[in-house]
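K.L.:
One file is attached below, upload.pdb, containing PDB, C-alpha atoms.
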ATOM      1  CA  MET A   1    -107.554  -0.913   9.509
ATOM      2  CA  ALA A   2    -106.001   1.971   7.628
ATOM      3  CA  THR A   3    -108.001   5.186   7.672
ATOM      4  CA  LYS A   4    -109.249   6.469   4.361
ATOM      5  CA  LYS A   5    -107.252   9.447   3.120
ATOM      6  CA  GLU A   6    -109.292  12.509   2.267
ATOM      7  CA  VAL A   7    -109.145  13.420  -1.418
ATOM      8  CA  VAL A   8    -108.816  17.112  -2.196
ATOM      9  CA  PRO A   9    -111.532  18.213  -4.642
ATOM     10  CA  MET A  10    -110.243  19.112  -8.096
ATOM     11  CA  ASP A  11    -111.614  22.668  -7.992
ATOM     12  CA  VAL A  12    -109.921  23.318  -4.635
ATOM     13  CA  MET A  13    -106.557  22.144  -5.976
ATOM     14  CA  THR A  14    -106.798  24.021  -9.280
ATOM     15  CA  SER A  15    -107.720  27.210  -7.402
ATOM     16  CA  ALA A  16    -104.699  26.794  -5.102
ATOM     17  CA  LEU A  17    -102.401  26.123  -8.052
ATOM     18  CA  GLY A  18    -103.733  29.060 -10.018
ATOM     19  CA  ASN A  19    -103.294  31.529  -7.152
ATOM     20  CA  ALA A  20     -99.945  30.230  -5.869
ATOM     21  CA  PHE A  21     -97.899  33.031  -7.450
ATOM     22  CA  ARG A  22     -99.858  36.020  -6.226
ATOM     23  CA  SER A  23    -100.670  37.788  -2.976
ATOM     24  CA  GLU A  24    -103.107  40.583  -2.162
ATOM     25  CA  ARG A  25    -101.393  43.304  -4.220
ATOM     26  CA  LEU A  26     -98.471  41.548  -5.874
ATOM     27  CA  ILE A  27     -97.555  38.857  -8.363
ATOM     28  CA  TYR A  28     -94.434  36.706  -8.473
ATOM     29  CA  ARG A  29     -92.609  35.407 -11.528
ATOM     30  CA  ALA A  30     -89.307  33.666 -12.121
ATOM     31  CA  LEU A  31     -86.184  35.812 -11.897
ATOM     32  CA  GLU A  32     -84.728  35.580 -15.392
ATOM     33  CA  ASP A  33     -81.117  35.490 -16.521
ATOM     34  CA  ASN A  34     -81.658  38.346 -18.964
ATOM     35  CA  ASP A  35     -80.636  41.985 -19.307
ATOM     36  CA  ALA A  36     -83.932  43.410 -18.067
ATOM     37  CA  ASP A  37     -84.000  41.530 -14.753
ATOM     38  CA  LEU A  38     -80.277  41.776 -14.071
ATOM     39  CA  ASP A  39     -80.310  45.505 -14.893
ATOM     40  CA  PHE A  40     -83.196  46.029 -12.467
ATOM     41  CA  ILE A  41     -81.364  44.146  -9.699
ATOM     42  CA  PHE A  42     -78.212  46.193 -10.188
ATOM     43  CA  THR A  43     -79.800  49.618 -10.747
ATOM     44  CA  HIS A  44     -82.698  49.583  -8.287
ATOM     45  CA  LEU A  45     -81.442  47.275  -5.523
ATOM     46  CA  GLU A  46     -77.708  46.645  -5.385
ATOM     47  CA  SER A  47     -76.664  50.179  -6.414
ATOM     48  CA  ASP A  48     -78.511  51.646  -3.446
ATOM     49  CA  PRO A  49     -75.969  51.488  -0.599
ATOM     50  CA  VAL A  50     -78.559  51.176   2.177
ATOM     51  CA  THR A  51     -80.676  48.501   0.495
ATOM     52  CA  ALA A  52     -77.562  46.513  -0.418
ATOM     53  CA  ALA A  53     -75.981  46.742   3.039
ATOM     54  CA  LEU A  54     -79.139  45.811   4.941
ATOM     55  CA  SER A  55     -79.549  42.610   2.935
ATOM     56  CA  ASN A  56     -75.898  41.578   2.654
ATOM     57  CA  PRO A  57     -73.424  41.478   5.570
ATOM     58  CA  SER A  58     -70.326  41.507   3.343
ATOM     59  CA  ILE A  59     -67.885  44.418   3.260
ATOM     60  CA  HIS A  60     -69.609  47.732   2.455
ATOM     61  CA  ARG A  61     -68.151  48.890  -0.842
ATOM     62  CA  PRO A  62     -69.262  49.592  -4.420
ATOM     63  CA  VAL A  63     -69.670  46.373  -6.370
ATOM     64  CA  SER A  64     -69.438  46.068 -10.141
ATOM     65  CA  LYS A  65     -72.350  45.020 -12.297
ATOM     66  CA  LYS A  66     -70.365  41.995 -13.439
ATOM     67  CA  VAL A  67     -70.040  40.748  -9.868
ATOM     68  CA  ILE A  68     -73.720  41.373  -9.129
ATOM     69  CA  ASP A  69     -74.769  39.650 -12.359
ATOM     70  CA  GLU A  70     -72.671  36.592 -11.509
ATOM     71  CA  ARG A  71     -74.127  36.428  -7.994
ATOM     72  CA  PHE A  72     -77.695  36.485  -9.242
ATOM     73  CA  LYS A  73     -77.038  34.111 -12.121
ATOM     74  CA  LEU A  74     -75.821  31.623  -9.509
ATOM     75  CA  LEU A  75     -78.919  32.312  -7.387
ATOM     76  CA  ILE A  76     -81.156  31.582 -10.376
ATOM     77  CA  LYS A  77     -79.405  28.264 -10.951
ATOM     78  CA  THR A  78     -79.198  27.031  -7.376
ATOM     79  CA  ALA A  79     -82.063  28.482  -5.304
ATOM     80  CA  MET A  80     -85.269  26.590  -4.615
ATOM     81  CA  LEU A  81     -87.107  29.825  -5.326
ATOM     82  CA  ALA A  82     -85.851  32.943  -7.117
ATOM     83  CA  THR A  83     -88.657  35.303  -8.051
ATOM     84  CA  MET A  84     -89.204  38.869  -9.113
ATOM     85  CA  VAL A  85     -91.801  40.675  -7.033
ATOM     86  CA  CYS A  86     -94.083  42.739  -9.265
ATOM     87  CA  LEU A  87     -97.027  45.075  -9.207
ATOM     88  CA  PRO A  88     -99.573  43.561 -11.619
ATOM     89  CA  ASP A  89    -100.203  46.613 -13.830
ATOM     90  CA  GLY A  90     -97.352  48.884 -14.829
ATOM     91  CA  PRO A  91     -97.533  51.996 -17.037
ATOM     92  CA  SER A  92     -97.069  49.865 -20.166
ATOM     93  CA  GLY A  93     -99.600  47.287 -19.057
ATOM     94  CA  GLU A  94     -96.831  44.870 -18.091
ATOM     95  CA  PRO A  95     -96.040  43.900 -14.461
ATOM     96  CA  THR A  96     -93.676  46.347 -12.743
ATOM     97  CA  PRO A  97     -90.765  44.785 -10.795
ATOM     98  CA  ILE A  98     -90.301  46.207  -7.288
ATOM     99  CA  GLY A  99     -87.875  43.667  -5.806
ATOM    100  CA  TYR A 100     -87.030  39.996  -5.476
ATOM    101  CA  VAL A 101     -87.428  37.190  -2.972
ATOM    102  CA  SER A 102     -85.525  33.918  -2.776
ATOM    103  CA  VAL A 103     -85.401  30.721  -0.765
ATOM    104  CA  LYS A 104     -82.133  28.805  -0.752
ATOM    105  CA  GLU A 105     -82.030  25.187   0.356
ATOM    106  CA  TYR A 106     -79.783  24.602   3.361
ATOM    107  CA  LEU A 107     -78.877  20.938   3.869
ATOM    108  CA  PRO A 108     -81.680  19.461   1.717
ATOM    109  CA  PHE A 109     -82.220  16.384   3.894
ATOM    110  CA  GLN A 110     -83.063  18.713   6.799
ATOM    111  CA  ARG A 111     -85.747  20.536   4.724
ATOM    112  CA  ARG A 112     -84.496  23.925   5.918
ATOM    113  CA  GLY A 113     -84.574  27.012   3.711
ATOM    114  CA  LEU A 114     -82.900  30.426   3.926
ATOM    115  CA  LEU A 115     -84.975  33.497   3.046
ATOM    116  CA  GLY A 116     -83.619  36.471   1.106
ATOM    117  CA  ILE A 117     -85.522  39.619   0.121
ATOM    118  CA  GLN A 118     -84.895  43.073  -1.323
ATOM    119  CA  ILE A 119     -87.446  45.770  -2.131
ATOM    120  CA  SER A 120     -86.572  48.828  -4.221
ATOM    121  CA  PRO A 121     -86.322  52.036  -2.143
ATOM    122  CA  ALA A 122     -89.088  53.596  -4.260
ATOM    123  CA  TYR A 123     -91.513  50.948  -2.942
ATOM    124  CA  GLN A 124     -90.403  50.676   0.666
ATOM    125  CA  ASN A 125     -92.585  51.756   3.619
ATOM    126  CA  LYS A 126     -95.738  50.686   1.781
ATOM    127  CA  GLY A 127     -96.206  47.278   3.412
ATOM    128  CA  TYR A 128     -94.897  45.362   0.390
ATOM    129  CA  GLY A 129     -92.047  43.802   2.375
ATOM    130  CA  THR A 130     -94.461  42.318   4.906
ATOM    131  CA  GLU A 131     -96.679  41.010   2.103
ATOM    132  CA  VAL A 132     -93.732  39.396   0.311
ATOM    133  CA  ILE A 133     -92.404  37.767   3.489
ATOM    134  CA  ASN A 134     -95.786  36.235   4.273
ATOM    135  CA  TRP A 135     -96.125  34.990   0.698
ATOM    136  CA  ALA A 136     -92.636  33.435   0.856
ATOM    137  CA  ILE A 137     -93.449  31.703   4.150
ATOM    138  CA  ASP A 138     -96.636  30.279   2.646
ATOM    139  CA  TRP A 139     -94.742  29.118  -0.456
ATOM    140  CA  ALA A 140     -92.053  27.434   1.647
ATOM    141  CA  PHE A 141     -94.538  25.255   3.531
ATOM    142  CA  ARG A 142     -97.346  24.834   0.987
ATOM    143  CA  TRP A 143     -95.261  24.195  -2.123
ATOM    144  CA  GLY A 144     -91.583  23.937  -1.151
ATOM    145  CA  GLY A 145     -92.034  21.053   1.294
ATOM    146  CA  LEU A 146     -89.820  22.697   3.908
ATOM    147  CA  HIS A 147     -89.844  22.001   7.626
ATOM    148  CA  SER A 148     -88.292  25.339   8.623
ATOM    149  CA  LEU A 149     -87.481  28.695   7.042
ATOM    150  CA  ALA A 150     -84.607  30.717   8.474
ATOM    151  CA  LEU A 151     -82.896  34.076   8.076
ATOM    152  CA  GLY A 152     -80.369  36.363   9.705
ATOM    153  CA  ALA A 153     -80.652  40.109  10.331
ATOM    154  CA  SER A 154     -78.368  42.664  11.923
ATOM    155  CA  LEU A 155     -79.886  43.898  15.161
ATOM    156  CA  TYR A 156     -79.480  47.517  14.078
ATOM    157  CA  ASN A 157     -81.991  46.760  11.314
ATOM    158  CA  GLU A 158     -84.791  47.130  13.862
ATOM    159  CA  ARG A 159     -87.596  47.571  11.340
ATOM    160  CA  ALA A 160     -86.795  44.330   9.521
ATOM    161  CA  VAL A 161     -86.434  42.366  12.766
ATOM    162  CA  SER A 162     -89.838  43.667  13.891
ATOM    163  CA  VAL A 163     -91.439  42.646  10.568
ATOM    164  CA  TYR A 164     -89.941  39.152  10.810
ATOM    165  CA  ARG A 165     -91.223  38.714  14.367
ATOM    166  CA  LYS A 166     -94.735  39.803  13.377
ATOM    167  CA  ALA A 167     -94.642  37.322  10.465
ATOM    168  CA  GLY A 168     -93.985  34.473  12.914
ATOM    169  CA  PHE A 169     -90.198  34.127  12.937
ATOM    170  CA  LYS A 170     -88.713  33.328  16.341
ATOM    171  CA  GLN A 171     -85.229  34.035  17.570
ATOM    172  CA  GLU A 172     -82.966  30.981  17.662
ATOM    173  CA  GLY A 173     -79.740  32.666  18.637
ATOM    174  CA  VAL A 174     -77.413  35.623  18.190
ATOM    175  CA  SER A 175     -74.148  35.718  16.269
ATOM    176  CA  ARG A 176     -72.187  38.165  18.371
ATOM    177  CA  GLU A 177     -70.275  40.983  16.675
ATOM    178  CA  ALA A 178     -70.703  39.305  13.296
ATOM    179  CA  VAL A 179     -71.088  42.402  11.079
ATOM    180  CA  TYR A 180     -68.628  45.298  10.859
ATOM    181  CA  ARG A 181     -70.097  48.706  10.012
ATOM    182  CA  ASP A 182     -68.604  52.174  10.547
ATOM    183  CA  ARG A 183     -65.930  51.115  13.058
ATOM    184  CA  LYS A 184     -68.344  49.074  15.154
ATOM    185  CA  TRP A 185     -69.172  45.379  15.431
ATOM    186  CA  HIS A 186     -72.844  44.492  15.395
ATOM    187  CA  ASP A 187     -74.731  41.376  16.484
ATOM    188  CA  VAL A 188     -76.811  39.353  14.023
ATOM    189  CA  VAL A 189     -80.018  37.684  15.182
ATOM    190  CA  GLN A 190     -80.742  34.223  13.760
ATOM    191  CA  MET A 191     -84.466  33.590  13.293
ATOM    192  CA  ALA A 192     -86.664  30.822  11.913
ATOM    193  CA  ILE A 193     -90.263  29.687  11.640
ATOM    194  CA  LEU A 194     -91.192  26.000  11.824
ATOM    195  CA  GLU A 195     -93.860  24.281   9.764
ATOM    196  CA  ASN A 196     -96.081  23.588  12.783
ATOM    197  CA  GLU A 197     -95.776  27.227  13.899
ATOM    198  CA  TRP A 198     -96.896  28.355  10.440
ATOM    199  CA  GLU A 199     -99.825  25.923  10.575
ATOM    200  CA  GLU A 200    -100.898  27.402  13.893
ATOM    201  CA  LEU A 201    -100.604  30.968  12.570
ATOM    202  CA  ARG A 202    -102.719  30.128   9.519
ATOM    203  CA  GLY A 203    -105.245  28.060  11.480
ATOM    204  CA  LEU A 204    -104.482  24.872   9.544
ATOM    205  CA  ALA A 205    -104.763  21.278  10.676
ATOM    206  CA  LYS A 206    -101.376  19.536  10.492
ATOM    207  CA  GLY A 207    -100.498  18.522   6.950
ATOM    208  CA  ARG A 208    -103.655  20.055   5.454
ATOM    209  CA  GLU A 209    -104.345  23.281   3.565
TER     210      GLU A 209
END
Let me see whether you can do it: turn the structure in this file into structure tokens.
P.N.:
Amino acid sequence: MATKKEVVPMDVMTSALGNAFRSERLIYRALEDNDADLDFIFTHLESDPVTAALSNPSIHRPVSKKVIDERFKLLIKTAMLATMVCLPDGPSGEPTPIGYVSVKEYLPFQRRGLLGIQISPAYQNKGYGTEVINWAIDWAFRWGGLHSLALGASLYNERAVSVYRKAGFKQEGVSREAVYRDRKWHDVVQMAILENEWEELRGLAKGRE
């Protein structure tokens, strides 16, 4: 005899839906293909050489706004998740963008996503990156239907690697001498968190919130 499936109460589901796009201090909205969002990405994230280089292993050089705009327009169209990270109350009463987070689908039938994140230098070292990463992990497994969430980070980016480990990501391998910076080749660590590992971290029964 088939077991009776538990029905989630309406108030529990509506509460989960209503709070899905916020974390303790931050709110998340869609990254828009408009001047305001694209200008923020270029001015506050991609124009900072350190922020840009730590999140992108490509050749370290100035990049035009046109190229950056095209990259993020493609992200908006193709990513499972492309959101602006915002403080809820800015000086004008509107949310204040402080960065973005994305999840790209990698081989959809494998239910594996790739995480991307940038936080503006003005808001770094305040714990926002950790908060965003944990929110993105929760989104990937609660709402995105993923089985695993992966990322890559240069090993010289020790702070980021430490944050990822604390969030539950585990090392899967190392791409040796995969990034060239300042006449040296650097290894890139490949990390991922599985759905069952996330469930264990959050104290959830399998397949239940």
K.L.:
Looking at only C-alpha atoms, which of A:Tyr180, A:His60, A:Glu94, A:Asn125 is the one that sits closest to Tyr156 of chain A?
P.N.:
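Of the candidates, the smallest distance to Tyr156 of chain A is held by A:Tyr180.
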K.L.:
Measuring between only C-alpha atoms, which one of A:Ala167, A:Phe21, A:Leu194, A:Leu38 shows the shortest distance to Arg71 of chain A?
P.N.:
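The shortest atom-to-atom distance to Arg71 of chain A comes from A:Leu38.
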K.L.:
For Thr83 of chain A, which residue among A:Leu31, A:Ala122, A:Leu107, A:Leu45 is the nearest when counting all atoms listed in the file?
P.N.:
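Among A:Leu31, A:Ala122, A:Leu107, A:Leu45, it is A:Leu31 that comes nearest to Thr83 of chain A.
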K.L.:
Which residue out of A:Ala30, A:Leu87, A:Ala150, A:Ile119 has the minimum interatomic distance to Lys104 of chain A when all atoms listed in the file are used?
P.N.:
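For Lys104 of chain A, the nearest of the candidates is A:Ala150.
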K.L.:
To verify the selection step, state as a count of residues only which residues the PyMOL selection byres ((chain A and resi 132-136) around 10) yields on this input.
P.N.:
40
K.L.:
One number please: atom CA of Glu46 of chain A to atom CA of Arg183 of chain A, in Å, one decimal.
P.N.:
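Taking atom CA of Glu46 of chain A and atom CA of Arg183 of chain A, their separation equals 22.3 Å.
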K.L.:
Between atom CA of Thr43 of chain A and atom CA of Met84 of chain A, what distance in Å does the model show, to one decimal?
P.N.:
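Atom-to-atom, atom CA of Thr43 of chain A to atom CA of Met84 of chain A, that is 14.4 Å.
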K.L.:
Just how far from atom CA of Ile193 of chain A is atom CA of Arg176 of chain A, in Å to one decimal?
P.N.:
21.1 Å
K.L.:
Nearest to Pro97 of chain A: which of A:Ala79, A:Leu17, A:Ile41, A:Val7 is it, counting all atoms listed in the file?
P.N.:
A:Ile41
K.L.:
For this file, the PyMOL selection byres ((chain A and resi 55) around 8) selects which residues, as number ranges by chain?
P.N.:
A: 51-54, 56-57, 116-118, 153
K.L.:
Fewer than 4 positions away in the same chain doesn't count, so skip those; otherwise give me all residues within 9 Å of Leu151 of chain A, counting all atoms listed in the file, as a PyMOL selection string.
P.N.:
chain A and resi 113-116+169+189-192
K.L.:
Segment 27-40 of chain A, all listed atoms, 6 Å padding on each side: what axis-aligned box centre and edge lengths in Å to one decimal come out, as JSON?
P.N.:
{"center_x": -88.9, "center_y": 39.8, "center_z": -13.8, "size_x": 29.3, "size_y": 24.4, "size_z": 22.9}
K.L.:
Evaluate the PyMOL selection byres ((chain A and resi 64) around 12) on the structure here and hand back the selected residues as a list of chain:residue names.
P.N.:
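Checking the PyMOL selection byres ((chain A and resi 64) around 12) against this file, the residues are A:Asp39, A:Phe42, A:Thr43, A:Glu46, A:Ser47, A:Arg61, A:Pro62, A:Val63, A:Lys65, A:Lys66, A:Val67, A:Ile68, A:Asp69, A:Glu70, A:Arg71.
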K.L.:
Just so I have it separately, write segment 164-191 of chain A from the block I sent, keeping N, CA and C atoms, as a short mmCIF file (atom, residue, chain, number, x, y, z; two decimals), in the first residue's frame.
P.N.:
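Once written, result-v2.cif looks like this:
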data_model
loop_
_atom_site.label_atom_id
_atom_site.label_comp_id
_atom_site.auth_asym_id
_atom_site.auth_seq_id
_atom_site.Cartn_x
_atom_site.Cartn_y
_atom_site.Cartn_z
N TYR A 164 34.05 29.46 1.43
CA TYR A 164 33.34 28.37 0.74
C TYR A 164 33.36 27.10 1.58
N ARG A 165 34.50 26.79 2.18
CA ARG A 165 34.59 25.59 3.02
C ARG A 165 33.64 25.69 4.20
N LYS A 166 33.60 26.84 4.85
CA LYS A 166 32.73 27.02 6.01
C LYS A 166 31.26 26.91 5.62
N ALA A 167 30.94 27.30 4.36
CA ALA A 167 29.55 27.22 3.89
C ALA A 167 29.14 25.80 3.53
N GLY A 168 30.10 24.88 3.47
CA GLY A 168 29.77 23.48 3.19
C GLY A 168 30.33 22.93 1.90
N PHE A 169 31.02 23.76 1.11
CA PHE A 169 31.62 23.26 -0.12
C PHE A 169 32.81 22.36 0.21
N LYS A 170 32.94 21.29 -0.56
CA LYS A 170 34.05 20.36 -0.38
C LYS A 170 34.90 20.31 -1.65
N GLN A 171 36.18 20.12 -1.45
CA GLN A 171 37.09 20.07 -2.59
C GLN A 171 36.86 18.80 -3.39
N GLU A 172 36.75 18.96 -4.71
CA GLU A 172 36.60 17.82 -5.61
C GLU A 172 37.86 17.56 -6.43
N GLY A 173 38.68 18.58 -6.55
CA GLY A 173 39.90 18.41 -7.33
C GLY A 173 40.63 19.74 -7.46
N VAL A 174 41.77 19.68 -8.13
CA VAL A 174 42.58 20.89 -8.35
C VAL A 174 42.98 20.94 -9.82
N SER A 175 42.69 22.07 -10.45
CA SER A 175 43.20 22.32 -11.80
C SER A 175 44.57 22.96 -11.64
N ARG A 176 45.60 22.22 -11.99
CA ARG A 176 46.96 22.67 -11.73
C ARG A 176 47.38 23.76 -12.69
N GLU A 177 48.00 24.80 -12.14
CA GLU A 177 48.56 25.91 -12.93
C GLU A 177 47.58 26.38 -14.00
N ALA A 178 46.36 26.67 -13.55
CA ALA A 178 45.28 27.01 -14.49
C ALA A 178 45.07 28.52 -14.66
N VAL A 179 45.66 29.32 -13.77
CA VAL A 179 45.49 30.78 -13.84
C VAL A 179 46.87 31.43 -13.84
N TYR A 180 47.07 32.35 -14.78
CA TYR A 180 48.34 33.06 -14.91
C TYR A 180 48.20 34.46 -14.34
N ARG A 181 49.01 34.79 -13.34
CA ARG A 181 49.00 36.10 -12.71
C ARG A 181 50.43 36.50 -12.35
N ASP A 182 50.85 37.66 -12.85
CA ASP A 182 52.13 38.26 -12.46
C ASP A 182 53.30 37.29 -12.60
N ARG A 183 53.41 36.69 -13.77
CA ARG A 183 54.50 35.80 -14.15
C ARG A 183 54.52 34.49 -13.37
N LYS A 184 53.40 34.13 -12.79
CA LYS A 184 53.32 32.85 -12.09
C LYS A 184 52.03 32.12 -12.47
N TRP A 185 52.10 30.79 -12.45
CA TRP A 185 50.92 29.97 -12.67
C TRP A 185 50.37 29.51 -11.33
N HIS A 186 49.06 29.60 -11.19
CA HIS A 186 48.41 29.30 -9.92
C HIS A 186 47.38 28.19 -10.10
N ASP A 187 47.27 27.34 -9.08
CA ASP A 187 46.28 26.27 -9.09
C ASP A 187 44.89 26.82 -8.79
N VAL A 188 43.88 26.13 -9.30
CA VAL A 188 42.48 26.47 -9.04
C VAL A 188 41.82 25.27 -8.37
N VAL A 189 41.20 25.50 -7.22
CA VAL A 189 40.51 24.42 -6.52
C VAL A 189 39.08 24.35 -7.02
N GLN A 190 38.63 23.13 -7.33
CA GLN A 190 37.25 22.88 -7.75
C GLN A 190 36.47 22.36 -6.55
N MET A 191 35.36 23.03 -6.23
CA MET A 191 34.60 22.70 -5.03
C MET A 191 33.13 22.53 -5.37
#
